[in-house]
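Novice: Provided below: upload-v9.cif, containing mmCIF, C-alpha atoms and all ligand atoms.
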data_final
loop_
_atom_site.label_atom_id
_atom_site.label_comp_id
_atom_site.auth_asym_id
_atom_site.auth_seq_id
_atom_site.Cartn_x
_atom_site.Cartn_y
_atom_site.Cartn_z
CA MET J 1 0.00 0.00 0.00
CA ALA J 2 1.45 3.34 -1.04
CA ALA J 3 0.36 5.13 2.14
CA ALA J 4 2.28 2.71 4.34
CA HIS J 5 5.43 3.28 2.29
CA ASP J 6 5.04 7.04 2.45
CA THR J 7 5.30 7.23 6.21
CA THR J 8 7.80 4.49 7.06
CA THR J 9 11.38 5.25 8.00
CA ALA J 10 12.46 1.60 7.85
CA PRO J 11 15.70 1.37 5.86
CA GLU J 12 15.26 0.29 2.27
CA VAL J 13 17.89 0.40 -0.45
CA VAL J 14 16.98 -0.77 -3.93
CA LEU J 15 19.61 -0.79 -6.69
CA LEU J 16 18.55 -0.39 -10.28
CA MET J 17 21.22 -1.76 -12.58
CA GLY J 18 21.56 -2.40 -16.27
CA PRO J 19 23.31 -1.16 -19.40
CA PRO J 20 22.89 2.41 -20.68
CA GLY J 21 19.52 2.68 -22.40
CA ALA J 22 17.88 -0.10 -20.38
CA GLY J 23 15.37 2.36 -18.92
CA LYS J 24 16.87 2.72 -15.43
CA GLY J 25 16.11 6.42 -15.07
CA THR J 26 12.43 6.15 -15.98
CA GLN J 27 11.83 3.10 -13.81
CA ALA J 28 13.81 4.60 -10.94
CA SER J 29 11.57 7.68 -10.85
CA LEU J 30 8.36 5.65 -10.94
CA LEU J 31 9.41 3.12 -8.31
CA ALA J 32 10.93 5.70 -5.99
CA GLU J 33 7.65 7.60 -5.98
CA GLU J 34 5.61 4.45 -5.48
CA ARG J 35 7.71 3.10 -2.59
CA GLY J 36 8.41 6.40 -0.88
CA LEU J 37 12.12 6.23 -1.66
CA THR J 38 14.51 9.01 -2.60
CA LYS J 39 15.91 8.49 -6.08
CA LEU J 40 19.65 8.93 -6.06
CA SER J 41 21.06 9.06 -9.58
CA THR J 42 24.80 9.68 -9.76
CA GLY J 43 24.42 10.56 -13.47
CA ASP J 44 21.82 13.26 -12.63
CA MET J 45 24.00 14.58 -9.80
CA LEU J 46 27.01 14.83 -12.13
CA ARG J 47 24.96 16.53 -14.86
CA ASP J 48 23.79 19.03 -12.26
CA HIS J 49 27.41 19.79 -11.33
CA VAL J 50 28.27 20.25 -15.02
CA ARG J 51 25.32 22.62 -15.49
CA ARG J 52 26.31 24.68 -12.48
CA GLY J 53 29.95 24.75 -13.54
CA THR J 54 31.29 23.52 -10.19
CA PRO J 55 34.91 22.28 -9.95
CA LEU J 56 33.57 18.73 -9.78
CA GLY J 57 31.44 19.39 -12.86
CA GLU J 58 34.42 20.75 -14.76
CA ARG J 59 36.41 17.66 -13.87
CA ALA J 60 33.58 15.26 -14.76
CA GLN J 61 32.41 16.76 -18.04
CA ALA J 62 35.12 15.45 -20.38
CA ILE J 63 35.02 12.03 -18.74
CA MET J 64 31.26 11.81 -19.19
CA GLU J 65 31.46 12.91 -22.81
CA SER J 66 33.97 10.14 -23.52
CA GLY J 67 31.71 7.54 -21.92
CA GLU J 68 34.29 6.56 -19.30
CA LEU J 69 33.58 6.46 -15.58
CA VAL J 70 34.20 9.32 -13.18
CA PRO J 71 36.73 8.23 -10.49
CA ASP J 72 35.34 6.11 -7.66
CA ASP J 73 36.41 8.49 -4.88
CA VAL J 74 34.47 11.38 -6.45
CA ILE J 75 31.32 9.29 -6.86
CA VAL J 76 31.51 7.66 -3.45
CA GLY J 77 32.07 11.06 -1.81
CA MET J 78 28.90 12.41 -3.44
CA VAL J 79 26.79 9.40 -2.47
CA ARG J 80 28.15 9.29 1.07
CA ALA J 81 27.36 12.97 1.69
CA THR J 82 23.81 12.57 0.38
CA MET J 83 23.05 9.42 2.35
CA GLN J 84 24.54 10.70 5.58
CA ALA J 85 22.49 13.90 5.38
CA ALA J 86 19.18 12.09 4.78
CA PRO J 87 16.67 11.61 7.61
CA ALA J 88 16.15 7.94 6.67
CA VAL J 89 18.11 5.40 4.65
CA ARG J 90 15.41 4.94 2.03
CA PHE J 91 16.96 5.16 -1.41
CA LEU J 92 16.54 3.95 -4.91
CA LEU J 93 20.00 4.00 -6.47
CA ASP J 94 20.13 4.59 -10.21
CA GLY J 95 23.51 4.11 -11.89
CA PHE J 96 25.44 3.44 -8.69
CA PRO J 97 27.39 1.33 -7.90
CA ARG J 98 29.13 0.83 -11.23
CA THR J 99 32.45 -0.74 -10.16
CA PRO J 100 33.48 -3.35 -7.59
CA ALA J 101 35.18 -0.59 -5.54
CA GLN J 102 31.93 1.41 -5.47
CA ALA J 103 30.00 -1.71 -4.39
CA ALA J 104 32.45 -2.30 -1.54
CA SER J 105 32.18 1.35 -0.45
CA LEU J 106 28.40 1.13 -0.53
CA ASP J 107 28.45 -1.97 1.67
CA ALA J 108 30.70 -0.19 4.17
CA LEU J 109 28.52 2.92 4.17
CA LEU J 110 25.31 0.93 4.66
CA ASP J 111 26.99 -0.97 7.51
CA GLU J 112 27.73 2.35 9.20
CA LEU J 113 24.13 3.46 8.67
CA GLY J 114 22.65 0.19 9.92
CA ALA J 115 21.04 -0.65 6.58
CA ARG J 116 21.43 -3.27 3.90
CA ILE J 117 20.55 -3.74 0.25
CA THR J 118 16.93 -4.78 -0.18
CA ALA J 119 17.32 -5.86 -3.80
CA ALA J 120 19.59 -5.33 -6.80
CA VAL J 121 17.33 -5.20 -9.85
CA ALA J 122 19.10 -5.83 -13.17
CA LEU J 123 17.16 -4.62 -16.20
CA GLU J 124 18.03 -6.80 -19.18
CA VAL J 125 17.71 -5.52 -22.75
CA ASP J 126 19.52 -6.84 -25.82
CA ASP J 127 22.19 -4.73 -27.53
CA ASP J 128 20.33 -3.86 -30.75
CA GLU J 129 17.41 -2.49 -28.79
CA LEU J 130 19.78 -0.50 -26.54
CA VAL J 131 21.50 1.24 -29.43
CA GLN J 132 18.14 2.13 -31.00
CA ARG J 133 16.88 3.61 -27.73
CA LEU J 134 20.03 5.62 -27.12
CA VAL J 135 20.05 7.07 -30.62
CA GLN J 136 16.40 8.08 -30.14
CA ARG J 137 17.22 9.65 -26.76
CA ALA J 138 20.02 11.62 -28.39
CA HIS J 139 17.41 13.24 -30.65
CA GLU J 140 14.87 13.82 -27.91
CA GLU J 141 17.02 15.04 -25.02
CA GLY J 142 20.17 16.23 -26.72
CA ARG J 143 22.42 14.58 -24.14
CA SER J 144 25.98 15.26 -25.20
CA ASP J 145 27.02 11.72 -24.27
CA ASP J 146 24.38 10.07 -26.47
CA ASN J 147 26.33 10.30 -29.76
CA GLU J 148 27.18 7.00 -31.42
CA ASP J 149 30.84 6.70 -30.42
CA THR J 150 30.17 7.54 -26.80
CA VAL J 151 27.20 5.19 -26.68
CA ARG J 152 29.36 2.36 -27.92
CA ASN J 153 32.02 3.11 -25.35
CA ARG J 154 29.50 3.38 -22.53
CA MET J 155 28.19 -0.07 -23.40
CA GLU J 156 31.72 -1.44 -23.46
CA VAL J 157 32.52 0.20 -20.11
CA TYR J 158 29.33 -1.30 -18.70
CA ARG J 159 30.25 -4.81 -19.86
CA ARG J 160 33.78 -4.54 -18.53
CA GLN J 161 33.36 -2.68 -15.24
CA THR J 162 29.73 -2.93 -14.12
CA GLN J 163 28.39 -6.26 -15.38
CA PRO J 164 30.68 -8.25 -13.02
CA LEU J 165 28.78 -6.66 -10.14
CA LEU J 166 25.73 -8.72 -11.07
CA ASP J 167 27.61 -11.83 -9.96
CA TYR J 168 28.57 -10.08 -6.76
CA TYR J 169 24.94 -9.34 -5.90
CA ALA J 170 23.81 -12.77 -7.07
CA GLY J 171 26.31 -14.20 -4.58
CA HIS J 172 24.64 -12.19 -1.84
CA GLY J 173 21.19 -13.40 -2.89
CA ALA J 174 20.09 -9.84 -3.72
CA LEU J 175 20.05 -10.00 -7.54
CA LYS J 176 16.70 -9.89 -9.34
CA ARG J 177 16.92 -10.12 -13.12
CA VAL J 178 14.05 -8.41 -14.93
CA ASP J 179 13.23 -8.38 -18.64
CA GLY J 180 13.48 -4.71 -19.64
CA LEU J 181 11.79 -5.14 -23.03
CA GLY J 182 8.25 -3.82 -23.30
CA ASP J 183 6.35 -0.66 -22.45
CA VAL J 184 7.12 1.30 -19.32
CA ASP J 185 4.13 0.02 -17.28
CA THR J 186 4.83 -3.60 -18.15
CA VAL J 187 8.43 -3.31 -16.98
CA THR J 188 7.41 -1.47 -13.80
CA GLY J 189 5.02 -4.32 -13.06
CA ARG J 190 7.78 -6.89 -13.48
CA ILE J 191 10.04 -5.00 -11.10
CA ARG J 192 7.24 -4.66 -8.56
CA GLU J 193 6.84 -8.44 -8.60
CA VAL J 194 10.46 -9.15 -7.67
CA LEU J 195 10.67 -6.58 -4.87
CA PRO J 196 9.96 -7.79 -1.34
P1 LIG J 201 24.14 7.79 -16.41
O1 LIG J 201 23.18 8.91 -16.53
O2 LIG J 201 23.93 6.98 -15.15
O3 LIG J 201 24.20 6.92 -17.63
O4 LIG J 201 25.60 8.44 -16.25
C1 LIG J 201 26.16 9.26 -17.24
C2 LIG J 201 27.68 9.32 -17.07
O5 LIG J 201 28.01 9.83 -15.77
C3 LIG J 201 28.37 7.97 -17.14
O6 LIG J 201 28.64 7.57 -18.46
C4 LIG J 201 29.66 8.24 -16.33
O7 LIG J 201 30.59 8.98 -17.08
C5 LIG J 201 29.13 9.13 -15.21
N1 LIG J 201 28.66 8.34 -14.06
C6 LIG J 201 27.38 8.24 -13.58
N2 LIG J 201 27.32 7.43 -12.52
C7 LIG J 201 28.59 7.00 -12.29
C8 LIG J 201 29.17 6.11 -11.36
N3 LIG J 201 28.44 5.49 -10.42
N4 LIG J 201 30.51 5.91 -11.44
C9 LIG J 201 31.27 6.52 -12.36
N5 LIG J 201 30.78 7.35 -13.30
C10 LIG J 201 29.44 7.60 -13.27
#
Spit out the file's structure as structure tokens when you get a sec.

Specialist:
Amino acid sequence: MAAAHDTTTAPEVVLLMGPPGAGKGTQASLLAEERGLTKLSTGDMLRDHVRRGTPLGERAQAIMESGELVPDDVIVGMVRATMQAAPAVRFLLDGFPRTPAQAASLDALLDELGARITAAVALEVDDDELVQRLVQRAHEEGRSDDNEDTVRNRMEVYRRQTQPLLDYYAGHGALKRVDGLGDVDTVTGRIREVLP
């Protein structure tokens, strides 16, 4: 029941994982709202820094445009500050963690905060569909990291650095694989089904 979720302060940390273009951002917003969680998107936070022209934004911009990952210490620092300042540990994480080092830092941080990962949802979409979606998003949103070369590199970076994390969460019994193909509502429904 939505009302029950809105008022609880019980810790809940849901990870939304998957390759670029899998629909993480859209699903993260919907599910965060529905479960009374704060959406924490490291990509959105970085884009905000770039827009505001902060030193962090200036450092991150070129890295983001190449499709590589921003250094772990920068990302972990941002996430740590946000989580520590929050009144309750109730988050939906979109695009974090992305490396084994980030996953280890998240575990340590949640330990400190007396919380644990509720579920790691992996949205699965095949490569052809991903490229199509990202090219479409480039037209619609004008994201400077949605051009074809960057898209290809971001997918490669995902395979190399982030995909191994799925095994890590599977090993902890937290991984929930969800078919990301279909309309938004259908996919939201599938995610809802795998969440406790
Ligand atoms: P996203 O919107 O999540 O696809 O992120 C866009 C870009 O921001 C990525 O391609 C990375 O350059 C950077 N980024 C976002 N989240 C992270 C993260 N957790 N670790 C490292 N870099 C990140």

Novice: What is the distance between CA of Thr54 (chain J) and CA of Val74 (chain J), in Å to one decimal?

Specialist: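 These two atoms are separated by 13.1 Å.
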
Novice: How would you write, as a PyMOL selection string, the set of residues no farther than 8 Å from ligand LIG 201 (chain J) when counting all atoms listed in the file?

Specialist: chain J and resi 20-21+25+41-44+46-47+60+63-72+75-76+94-99+102+145+154

Novice: Neighbouring residues of region 88-90 of chain J were defined as those with any atom within 12 Å, considering all atoms listed in the file; residues of the same chain fewer than 6 positions away were excluded. Please report them as number ranges by chain.

Specialist: J: 5-15, 32-33, 35-40, 79-80, 82, 109-118

Novice: Return the single residue from J:Leu165, J:Leu123, J:Val50, J:Leu30 that is closest to Ala62 (chain J), with distances computed using all atoms listed in the file.

Specialist: J:Val50

Novice: Quick check, in Å to one decimal: how far apart do CA of Gly18 (chain J) and CA of Met155 (chain J) lie?

Specialist: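 Value for the CA of Gly18 (chain J)-CA of Met155 (chain J) distance: 10.0 Å.
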
Novice: Considering all atoms listed in the file, state which residue in the set J:Thr186, J:Thr162, J:Val194, J:Pro87 is at the smallest distance from Ala101 (chain J).

Specialist: J:Thr162

Novice: Would you mind reading off the distance between CA of Arg160 (chain J) and CA of Asp126 (chain J), one decimal, in Å?

Specialist: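 Separation of CA of Arg160 (chain J) and CA of Asp126 (chain J): 16.2 Å.
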
Novice: I need the residue nearest Pro196 (chain J) from this list: J:Gln136, J:Val121, J:Tyr168, J:Ser105. Use only C-alpha atoms for the distance.

Specialist: J:Val121

Novice: Between J:Leu31, J:Ala22, J:Val151, J:Met83, which residue has the minimum interatomic distance to Gly182 (chain J), considering all atoms listed in the file?

Specialist: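 Residue with the minimum atom-to-atom distance to Gly182 (chain J): J:Ala22.
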
Novice: Out of J:Asp48, J:Asp127, J:Gly180, J:Phe91, which residue has the shortest atom-to-atom distance to Glu156 (chain J) when counting all atoms listed in the file?

Specialist: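 The shortest atom-to-atom distance to Glu156 (chain J) comes from J:Asp127.
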
Novice: Which centre and which edge lengths, in Å to one decimal, describe the axis-aligned box that holds all listed atoms of region 126-144 of chain J after 3 Å is added on each side, as lines of an AutoDock Vina configuration file?

Specialist:
center_x = 20.4
center_y = 4.7
center_z = -27.6
size_x = 17.1
size_y = 29.1
size_z = 12.9

Novice: Find the residue from J:Asp107, J:Asp179, J:Asp128, J:Glu58 that sits nearest to Arg152 (chain J); use all atoms listed in the file when measuring.

Specialist: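 Distance minimum relative to Arg152 (chain J) lands on J:Asp128.
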
Novice: Do a neighbour search on Arg137 (chain J) at 10 Å with all atoms listed in the file, toss out local chain neighbours closer than 6 positions, and write the hits as a CSV table (one decimal) with C-alpha atoms, in the coordinates of the input.

Specialist:
chain,number,residue,atom,x,y,z
J,21,GLY,CA,19.5,2.7,-22.4
J,131,VAL,CA,21.5,1.2,-29.4
J,143,ARG,CA,22.4,14.6,-24.1
J,146,ASP,CA,24.4,10.1,-26.5
J,147,ASN,CA,26.3,10.3,-29.8

Novice: Using the structure just given, write a file holding N, CA, C and O atoms for region 98-128 of chain J, as a tab-separated table (two decimals), in the first residue's frame.

Specialist:
chain	number	residue	atom	x	y	z
J	98	ARG	N	28.78	1.21	-9.86
J	98	ARG	CA	29.13	0.83	-11.23
J	98	ARG	C	30.46	0.09	-11.29
J	98	ARG	O	30.85	-0.35	-12.37
J	99	THR	N	31.17	-0.01	-10.19
J	99	THR	CA	32.45	-0.74	-10.16
J	99	THR	C	32.49	-1.55	-8.87
J	99	THR	O	31.79	-1.23	-7.90
J	100	PRO	N	33.34	-2.58	-8.84
J	100	PRO	CA	33.48	-3.35	-7.59
J	100	PRO	C	33.89	-2.46	-6.41
J	100	PRO	O	33.40	-2.66	-5.30
J	101	ALA	N	34.76	-1.47	-6.64
J	101	ALA	CA	35.18	-0.59	-5.54
J	101	ALA	C	33.99	0.21	-5.01
J	101	ALA	O	33.85	0.41	-3.80
J	102	GLN	N	33.12	0.67	-5.91
J	102	GLN	CA	31.93	1.41	-5.47
J	102	GLN	C	30.99	0.50	-4.67
J	102	GLN	O	30.39	0.91	-3.68
J	103	ALA	N	30.87	-0.76	-5.11
J	103	ALA	CA	30.00	-1.71	-4.39
J	103	ALA	C	30.53	-1.95	-2.98
J	103	ALA	O	29.76	-1.99	-2.01
J	104	ALA	N	31.85	-2.07	-2.87
J	104	ALA	CA	32.45	-2.30	-1.54
J	104	ALA	C	32.24	-1.07	-0.65
J	104	ALA	O	31.91	-1.20	0.54
J	105	SER	N	32.41	0.13	-1.22
J	105	SER	CA	32.18	1.35	-0.45
J	105	SER	C	30.73	1.47	-0.01
J	105	SER	O	30.44	1.92	1.10
J	106	LEU	N	29.83	1.07	-0.89
J	106	LEU	CA	28.40	1.13	-0.53
J	106	LEU	C	28.10	0.18	0.63
J	106	LEU	O	27.42	0.54	1.58
J	107	ASP	N	28.66	-1.01	0.57
J	107	ASP	CA	28.45	-1.97	1.67
J	107	ASP	C	28.95	-1.38	2.99
J	107	ASP	O	28.27	-1.48	4.02
J	108	ALA	N	30.13	-0.76	2.94
J	108	ALA	CA	30.70	-0.19	4.17
J	108	ALA	C	29.83	0.95	4.69
J	108	ALA	O	29.55	1.05	5.89
J	109	LEU	N	29.36	1.79	3.77
J	109	LEU	CA	28.52	2.92	4.17
J	109	LEU	C	27.20	2.43	4.77
J	109	LEU	O	26.75	2.93	5.81
J	110	LEU	N	26.59	1.44	4.14
J	110	LEU	CA	25.31	0.93	4.66
J	110	LEU	C	25.52	0.27	6.02
J	110	LEU	O	24.66	0.38	6.90
J	111	ASP	N	26.64	-0.40	6.20
J	111	ASP	CA	26.99	-0.97	7.51
J	111	ASP	C	26.98	0.11	8.58
J	111	ASP	O	26.38	-0.03	9.64
J	112	GLU	N	27.66	1.21	8.26
J	112	GLU	CA	27.73	2.35	9.20
J	112	GLU	C	26.34	2.87	9.51
J	112	GLU	O	26.07	3.30	10.64
J	113	LEU	N	25.46	2.87	8.51
J	113	LEU	CA	24.13	3.46	8.67
J	113	LEU	C	23.11	2.44	9.18
J	113	LEU	O	21.94	2.76	9.36
J	114	GLY	N	23.56	1.21	9.39
J	114	GLY	CA	22.65	0.19	9.92
J	114	GLY	C	21.61	-0.26	8.91
J	114	GLY	O	20.49	-0.60	9.27
J	115	ALA	N	21.98	-0.25	7.63
J	115	ALA	CA	21.04	-0.65	6.58
J	115	ALA	C	21.68	-1.71	5.69
J	115	ALA	O	22.89	-1.96	5.78
J	116	ARG	N	20.87	-2.35	4.88
J	116	ARG	CA	21.43	-3.27	3.90
J	116	ARG	C	20.65	-3.19	2.59
J	116	ARG	O	19.58	-2.57	2.55
J	117	ILE	N	21.20	-3.81	1.56
J	117	ILE	CA	20.55	-3.74	0.25
J	117	ILE	C	19.32	-4.64	0.23
J	117	ILE	O	19.40	-5.82	0.55
J	118	THR	N	18.19	-4.05	-0.12
J	118	THR	CA	16.93	-4.78	-0.18
J	118	THR	C	16.90	-5.68	-1.42
J	118	THR	O	16.51	-6.83	-1.35
J	119	ALA	N	17.30	-5.11	-2.55
J	119	ALA	CA	17.32	-5.86	-3.80
J	119	ALA	C	18.18	-5.13	-4.81
J	119	ALA	O	18.26	-3.90	-4.79
J	120	ALA	N	18.85	-5.89	-5.67
J	120	ALA	CA	19.59	-5.33	-6.80
J	120	ALA	C	18.86	-5.78	-8.06
J	120	ALA	O	18.93	-6.96	-8.43
J	121	VAL	N	18.14	-4.86	-8.67
J	121	VAL	CA	17.33	-5.20	-9.85
J	121	VAL	C	18.17	-4.95	-11.10
J	121	VAL	O	18.66	-3.84	-11.31
J	122	ALA	N	18.36	-5.98	-11.92
J	122	ALA	CA	19.10	-5.83	-13.17
J	122	ALA	C	18.12	-5.84	-14.33
J	122	ALA	O	17.46	-6.84	-14.59
J	123	LEU	N	18.02	-4.71	-15.02
J	123	LEU	CA	17.16	-4.62	-16.20
J	123	LEU	C	17.92	-5.18	-17.40
J	123	LEU	O	19.02	-4.71	-17.71
J	124	GLU	N	17.34	-6.15	-18.06
J	124	GLU	CA	18.03	-6.80	-19.18
J	124	GLU	C	17.37	-6.45	-20.52
J	124	GLU	O	16.16	-6.66	-20.68
J	125	VAL	N	18.20	-5.90	-21.42
J	125	VAL	CA	17.71	-5.52	-22.75
J	125	VAL	C	18.82	-5.87	-23.74
J	125	VAL	O	19.99	-5.63	-23.46
J	126	ASP	N	18.45	-6.44	-24.90
J	126	ASP	CA	19.52	-6.84	-25.82
J	126	ASP	C	20.14	-5.63	-26.52
J	126	ASP	O	19.56	-4.56	-26.60
J	127	ASP	N	21.37	-5.84	-27.03
J	127	ASP	CA	22.19	-4.73	-27.53
J	127	ASP	C	21.56	-3.92	-28.65
J	127	ASP	O	21.65	-2.70	-28.66
J	128	ASP	N	20.92	-4.60	-29.62
J	128	ASP	CA	20.33	-3.86	-30.75
J	128	ASP	C	19.28	-2.87	-30.27
J	128	ASP	O	19.22	-1.72	-30.71
